[in-house]
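Asks: I'd like to ask you about the structure that follows.
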Amino acid sequence: MKQNKGFSLVELIIVIAIMAILTGIIAPQLIKYTEKTNVSADTQLCDTIHDAIIIAMSDPDVVTDETSQKMLFESGGIMDPAAGGCRLDHYGAGSAWVNCEFAKDVEETTGMSLFAMGSDHSQYLRSKGAKDNGIICVVPNSEGTDCAVYIAWSDREAKGNVENYTGSYDGIESSKVIYVK
């Protein structure tokens with residue numbers, strides 16, 4: 001008769017203990033890499049919005065639309081260097097600015113509703129700090145020809161040091177927020 005040999009209880013406990021130790025070592029690293037991946041996704045989102053803004057600015061429908069030009073370049077506009085930047089969700093829902101060709105073009109390109117007042121940007125964000133409080137903002141360069149898209153209340157280093165940036169186009173690189181120029 002054949003004898004079936006199995007594992008003893010002590011051997012099973014040792015294996016389970018080793019697995020628990022390995023899990024304890026690996027889990028924090030996995031969480032850190034997951035957050036870095038989420039920051040990368042948020043950076044890609046900023047890049048998509050930046051590209052959509054630049055492309056929309058050169059669209060013939062936007063160039064000929066008076067309301068779009070006001071939204072972009074007049075006092076307080078998205079590309080007005082004197083304004084020092086703006087939140088994308090500060091335009092009144094149903095206002096002419098939200099319904100202008102520029103806003104329609106950006107929202108069509110990105111597939112996101114970004115401009116209406118009270119838009120919930122957190123639904124588009126993935127990193128921890130940004131998902132909790134993040135707001136997508138734009139700050140133009142000093143010539144009003146390009147912009148940086150950033151997420152206020154974010155942490156591009158994924159270290160839990162969430163920052164709300166309200167500075168200039170040139171100072172954004174030294175901040176901790178997720179951004180794209």
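Every chain in the structure tokens has a letter given in the order shown (A, B, ...), and although residue numbers restart at 1 in each chain, ligands are simply numbered from 1 in the order shown.
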Any chance you could tabulate, as JSON lines, the residues of region 15-52 of chain A at most 12 Å from region 88-104 of chain A with each one's nearest atom pair and distance in Å to one decimal, using only C-alpha atoms, in chain and rising number order?
Replies:
```
{"residue": "A:Cys46", "atom": "CA", "partner": "A:Leu88", "partner_atom": "CA", "distance": 11.9}
{"residue": "A:Ile49", "atom": "CA", "partner": "A:Leu88", "partner_atom": "CA", "distance": 10.5}
{"residue": "A:His50", "atom": "CA", "partner": "A:Leu88", "partner_atom": "CA", "distance": 11.9}
{"residue": "A:Ala52", "atom": "CA", "partner": "A:Phe102", "partner_atom": "CA", "distance": 9.7}
```
Asks: Please, which residues of region 2-154 of chain A, numbered as in this document, come out strand (DSSP E) from DSSP, as number ranges by chain?
Replies: A: 86-87, 135-140, 147-152
Asks: Restricting it to C-alpha atoms, dump the selection as a JSON list (two decimals), in the first residue's frame.
Replies:
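Result went into selection.json, see below:
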```json
[["chain", "number", "residue", "atom", "x", "y", "z"],
["A", 86, "CYS", "CA", -7.84, 80.79, -14.12],
["A", 87, "ARG", "CA", -9.80, 77.77, -13.05],
["A", 135, "ILE", "CA", -9.23, 71.65, -9.92],
["A", 136, "ILE", "CA", -7.92, 71.95, -13.46],
["A", 137, "CYS", "CA", -6.41, 75.39, -14.09],
["A", 138, "VAL", "CA", -4.63, 77.27, -16.87],
["A", 139, "VAL", "CA", -1.92, 79.91, -16.53],
["A", 140, "PRO", "CA", -0.68, 81.71, -19.70],
["A", 147, "CYS", "CA", -0.18, 78.15, -21.42],
["A", 148, "ALA", "CA", 0.47, 75.65, -18.70],
["A", 149, "VAL", "CA", -2.35, 73.37, -17.64],
["A", 150, "TYR", "CA", -2.07, 72.27, -14.03],
["A", 151, "ILE", "CA", -4.07, 70.66, -11.26],
["A", 152, "ALA", "CA", -4.36, 72.85, -8.20]]
```
Asks: Report the closest atom pair, with its distance in Å rounded to one decimal, for each residue of region 75-147 of chain A that has an atom no farther than 10 Å from region 20-39 of chain A; count only C-alpha atoms, sort by chain and then rising residue number, and write it as a tab-separated table.
Replies:
```
residue	atom	partner	partner_atom	distance
A:Leu125	CA	A:Asn38	CA	8.2
A:Arg126	CA	A:Asn38	CA	5.1
A:Ser127	CA	A:Asn38	CA	4.6
A:Lys128	CA	A:Glu35	CA	7.2
A:Gly129	CA	A:Val39	CA	9.5
A:Ala130	CA	A:Val39	CA	8.7
A:Lys131	CA	A:Asn38	CA	9.8
```
